[in-house]
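Structure first, commentary second.
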Amino acid sequence: MWFRRDLRLADHPALLAACDETAAADPGVLALFVLDDTLRGPAGAARLAFLYRCLRELDERIGGRLCVRTGDPVEVVPAVAREIGAGTVHCSTDHGPYGTRRDRRVAEALARDGRELRPLGSPYAVAPGRLHTAGGTPFRVYTPYYRAWYAHGVRKPPAAPREVRWARADGDPVPPDPALPAGLTLPTAGEEAAGARFAQFLDADAARYATRRDEPGADATSRLSPYLKYGCVHPRTLLARLGRGEGHERFRMELAWRDFYADVLAANPDSARADLTPALGGMEYDEPGPDAQAWRDGRTGFPIVDAGMRQLLAEGWLHNRVRMIVASFLCKDLHVWWGHGARWFLRTLVDGDLASNNHGWQWVAGTGTDAAPYFRVFNPVAQGRSHDPDGTYVRRWVPELADVTGRAVHEPWTLPDGPPNGYPRPIVGHAQERREALRRYGTARVRAAR
DNA sequence: TTTTGAGTTGTTCGA
DNA sequence: GTCGAACAACTCAAA
């Protein structure tokens with residue numbers, strides 16, 4: 001059983017298949033994880049630490065039998081299979097651009113040895129490639145995708161295997177956590193913590209999720225994204241517990257967004273790195289410079305932007321509403337190509353997922369799946385006022401503004417003495433940059449239309 | 001093939 | 001302060 005983004009025992013079709021195939025005379029199922037530098041490369045310290053902790057938790061759950069190897073899976077997986085005499089290597093299907101290529105090459109390498117790679121199940125409620133429009137093409141708009149997704153239905157989660165005989169093989173220890181920035185707090189890793197988090201969400205926030213999910217100060221989202229990223233829980237398990245209320249329905253739609261973006265990426269593998277739609281191909285961008293660095297550091301002078309960028313560094317996680325606000329700021333106030341922001345997010349986010357992250361960025365940038373409104377430029381002050389009305393979120397993450405009350409918390413440059421405690425003045429004028437963004441979009445569209 | 005309806009998340013301006 | 005219109009016409013999905 002080659003584990004990848006499925007670090008759990010419950011609701012795990014591939015693991016069940018591996019158990020079913022094990023005969024009484026066999027040594028059992030070997031749990032293998034390969035530390036692949038191609039996948040570790042884009043991840044920062046927070047995400048790596050979370051991954052390593054998930055691996056340690058899985059190792060504990062299976063009695064210390066997790067076999068960790070380091071290297072290229074194309075070499076490592078066949079070598080381990082040969083060592084233990086495994087005829088079949090089970091895994092969950094990976095639909096990402098790298099994973100697809102890697103698994104094809106691993107399957108070929110195994111086949112040369114008379115062995116088989118058997119992928120089964122996916123990290124999604126509805127696997128990428130399963131749903132099509134009436135015309136047989138992949139979806140590119142969310143709402144019709146959601147209707148098809150909902151109509152398709154989701155299988156009931158299979159139970160965990162009752163007793164697994166875990167085989168033993170030499171491996172490397174799970175690496176120690178990389179040095180983490182001072183003050184970084186990570187969620188508890190692993191399958192058990194995922195279950196506890198979901199139980200708490202159902203208990204406390206799910207019923208009011210539809211309204212409160214948009215208030216970063218309320219912190220009322222599920223915070224399940226890191227667990228979904230590494231498969232500590234399968235979305236099927238979550239969906240099985242949801243009811244019909246407005247909050248539950250809204251949460252179901254967010255899980256469908258995750259499936260949608262995975263589907264879009266699988267149908268358009270290049271869209272992880274390049275614009276999905278060519279309409280803005282001639283768009284004029286600025287290279288990331290000191291302003292982009294101020295964005296990364298949370299020193300733009302716009303409180304909700306800086307609060308978000310500081311939460312990102314402090315937790316490896318960022319509230320969804322604020323992801324949109326800070327992304328809009330980089331793309332439309334600083335005129336930086338979305339790919340630069342997407343890469344920073346993948347480095348800093350514990351939940352950094354190629355499909356959701358990069359297509360979320362493309363949605364903001366106007367190069368992705370969302371049709372039309374290129375003129376949607378978030379105003380950081382207006383966004384702060386409407387989604388963080390009393391400034392709770394801003395004051396939590398920007399201590400310089402801890403004593404600012406009222407409307408000024410979202411525009412501290414209007415205070416009589418300017419921003420307090422050394423908090424910076426705005427690095428750009430929003431109204432001016434908004435006009436500039438619209439001008440560039442207009443030019444790109446005229447150019448594309450010719 | 002053509003037509004029609006609709007598209008996660010917005011902002012600004014003027015009445 | 002609130003409300004509706006304009007932004008500018010594009011692409012997707014289904015009838």
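Residue numbering restarts at 1 in every chain; chains get A, B, ... in the order shown in the structure tokens, and ligands count up from 1 in that same order.
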### Task
Could you please tell me, as a PyMOL selection string, which residues of chain C have an atom within 7 Å of chain A when using only C-alpha atoms (C1' of nucleotides)?
chain C and resi 7+10-12
Let's have the selection written as an mmCIF file, in the first residue's frame, with N, CA and C atoms (P, O5', C5', C4', C3', O3' and C1' of nucleotides).
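Printed below is result.cif as written:
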data_model
loop_
_atom_site.group_PDB
_atom_site.id
_atom_site.type_symbol
_atom_site.label_atom_id
_atom_site.label_comp_id
_atom_site.auth_asym_id
_atom_site.auth_seq_id
_atom_site.Cartn_x
_atom_site.Cartn_y
_atom_site.Cartn_z
ATOM 1 P P DC C 7 -21.862 51.908 -18.941
ATOM 2 O "O5'" DC C 7 -20.605 51.099 -18.424
ATOM 3 C "C5'" DC C 7 -19.686 51.718 -17.500
ATOM 4 C "C4'" DC C 7 -18.856 50.640 -16.880
ATOM 5 C "C3'" DC C 7 -18.365 49.568 -17.855
ATOM 6 O "O3'" DC C 7 -16.973 49.711 -18.052
ATOM 7 C "C1'" DC C 7 -19.037 48.670 -15.751
ATOM 8 P P DC C 10 -17.818 40.188 -26.491
ATOM 9 O "O5'" DC C 10 -16.415 39.631 -25.990
ATOM 10 C "C5'" DC C 10 -16.026 39.791 -24.623
ATOM 11 C "C4'" DC C 10 -16.011 38.431 -23.937
ATOM 12 C "C3'" DC C 10 -16.279 37.259 -24.884
ATOM 13 O "O3'" DC C 10 -15.308 36.250 -24.661
ATOM 14 C "C1'" DC C 10 -17.796 37.198 -23.065
ATOM 15 P P DT C 11 -15.200 35.050 -25.692
ATOM 16 O "O5'" DT C 11 -15.600 33.832 -24.755
ATOM 17 C "C5'" DT C 11 -15.160 33.810 -23.409
ATOM 18 C "C4'" DT C 11 -15.954 32.758 -22.672
ATOM 19 C "C3'" DT C 11 -16.184 31.486 -23.490
ATOM 20 O "O3'" DT C 11 -15.775 30.397 -22.687
ATOM 21 C "C1'" DT C 11 -18.252 32.319 -22.637
ATOM 22 P P DC C 12 -15.748 28.936 -23.244
ATOM 23 O "O5'" DC C 12 -16.878 28.296 -22.336
ATOM 24 C "C5'" DC C 12 -16.894 28.604 -20.954
ATOM 25 C "C4'" DC C 12 -18.211 28.192 -20.374
ATOM 26 C "C3'" DC C 12 -18.657 26.782 -20.760
ATOM 27 O "O3'" DC C 12 -19.027 26.135 -19.558
ATOM 28 C "C1'" DC C 12 -20.386 28.353 -21.215
#
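Residue list for chain B within 8 Å of chain A: DG7, DT9, DG10 and DT11 of chain B, counting only C-alpha atoms (C1' of nucleotides).
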### Message
Can you pull out every residue from region 3-235 of chain A that DSSP, working from the backbone, puts in strand (DSSP E or B), and format the result as JSON, numbers by chain?
### Response
{"A": [3, 29, 32, 33, 34, 35, 67, 68, 69, 70, 88, 89, 90, 91, 116, 117, 118, 119, 166, 172]}
Include N, CA and C atoms and write out the residues we just selected as a compact mmCIF listing (two decimals), in the first residue's frame.
# COMPACT_ATOMS: atom_id res chain seq x y z
N PHE A 3 1.09 4.90 0.27
CA PHE A 3 0.33 6.07 0.72
C PHE A 3 0.90 7.33 0.07
N VAL A 29 0.36 -6.51 4.63
CA VAL A 29 0.37 -5.30 3.80
C VAL A 29 1.51 -4.41 4.26
N LEU A 32 3.81 1.95 2.71
CA LEU A 32 4.99 2.66 2.17
C LEU A 32 4.65 4.13 1.96
N PHE A 33 5.58 4.99 2.31
CA PHE A 33 5.49 6.40 1.92
C PHE A 33 6.83 6.81 1.35
N VAL A 34 6.80 7.48 0.20
CA VAL A 34 8.04 7.91 -0.45
C VAL A 34 8.16 9.43 -0.33
N LEU A 35 9.24 9.87 0.28
CA LEU A 35 9.53 11.31 0.33
C LEU A 35 10.15 11.71 -1.00
N CYS A 67 6.76 2.32 6.47
CA CYS A 67 8.08 2.28 5.83
C CYS A 67 8.26 3.55 5.01
N VAL A 68 9.16 4.41 5.45
CA VAL A 68 9.41 5.67 4.74
C VAL A 68 10.72 5.56 3.97
N ARG A 69 10.67 5.86 2.69
CA ARG A 69 11.88 5.88 1.87
C ARG A 69 12.00 7.24 1.20
N THR A 70 13.21 7.60 0.85
CA THR A 70 13.45 8.89 0.21
C THR A 70 13.97 8.66 -1.19
N THR A 88 1.52 -6.75 -6.28
CA THR A 88 0.66 -5.61 -6.59
C THR A 88 0.97 -4.46 -5.64
N VAL A 89 1.08 -3.26 -6.19
CA VAL A 89 1.21 -2.06 -5.37
C VAL A 89 -0.11 -1.29 -5.48
N HIS A 90 -0.78 -1.14 -4.34
CA HIS A 90 -2.05 -0.41 -4.32
C HIS A 90 -1.79 1.06 -3.98
N CYS A 91 -2.63 1.92 -4.53
CA CYS A 91 -2.55 3.35 -4.18
C CYS A 91 -3.87 4.00 -4.56
N GLU A 116 2.39 -5.03 -10.65
CA GLU A 116 1.30 -4.16 -11.10
C GLU A 116 1.09 -3.01 -10.13
N LEU A 117 0.84 -1.81 -10.68
CA LEU A 117 0.36 -0.68 -9.88
C LEU A 117 -1.15 -0.63 -10.03
N ARG A 118 -1.86 -0.65 -8.90
CA ARG A 118 -3.32 -0.67 -8.99
C ARG A 118 -3.92 0.53 -8.25
N PRO A 119 -4.16 1.63 -8.97
CA PRO A 119 -4.77 2.80 -8.36
C PRO A 119 -6.28 2.59 -8.20
N TRP A 166 0.13 -5.71 9.20
CA TRP A 166 1.10 -4.81 8.56
C TRP A 166 2.45 -5.50 8.44
N ASP A 172 13.55 4.70 6.33
CA ASP A 172 14.15 5.83 7.04
C ASP A 172 13.13 6.31 8.06
### Task
Write out as number ranges by chain the residues lying within 7 Å of Asp11 (chain A), counting only C-alpha atoms (C1' of nucleotides) and excluding same-chain residues fewer than 2 positions away.
A: 9, 13, 157-160, 234, 237
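Atom pair CA of Ala292 (chain A) / CA of Val364 (chain A): separated by 16.7 Å.
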### Message
Let me make sure I understand: among A:Glu284, A:Asp353, A:Asp275, A:Asp306, which one has the smallest atom-to-atom distance to Tyr261 (chain A) if we use only C-alpha atoms?
### Response
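Result for the nearest residue to Tyr261 (chain A): A:Asp353.
Once DC3 (chain C) and its same-chain neighbours fewer than 4 positions away are set aside, B:DC13, B:DG14, B:DA15 remain within 12 Å of it when counting only C-alpha atoms (C1' of nucleotides).
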Next, the residues of the selection above should be written as a compact mmCIF listing (two decimals), in the first residue's frame with C-alpha atoms (C1' of nucleotides).
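Generated output (part_23.txt):
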# COMPACT_ATOMS: atom_id res chain seq x y z
C1' DC B 13 -21.60 56.86 -8.98
C1' DG B 14 -25.56 59.51 -8.80
C1' DA B 15 -30.29 59.97 -7.39
### Query
Taking only C-alpha atoms (C1' of nucleotides) into account, which of A:His410, A:Val174, A:Pro269, A:Arg445 comes nearest DA9 (chain C)?
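Comparing A:His410, A:Val174, A:Pro269, A:Arg445 against DA9 (chain C), the winner is A:Arg445.
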### Task
Apply DSSP to the structure's backbone, then extract all residues of region 118-286 of chain A labelled helix (DSSP H, G or I) and return them as a PyMOL selection string.
chain A and resi 142-152+191-204+206-212+225-229+235-239+246-267+269-272+278-280
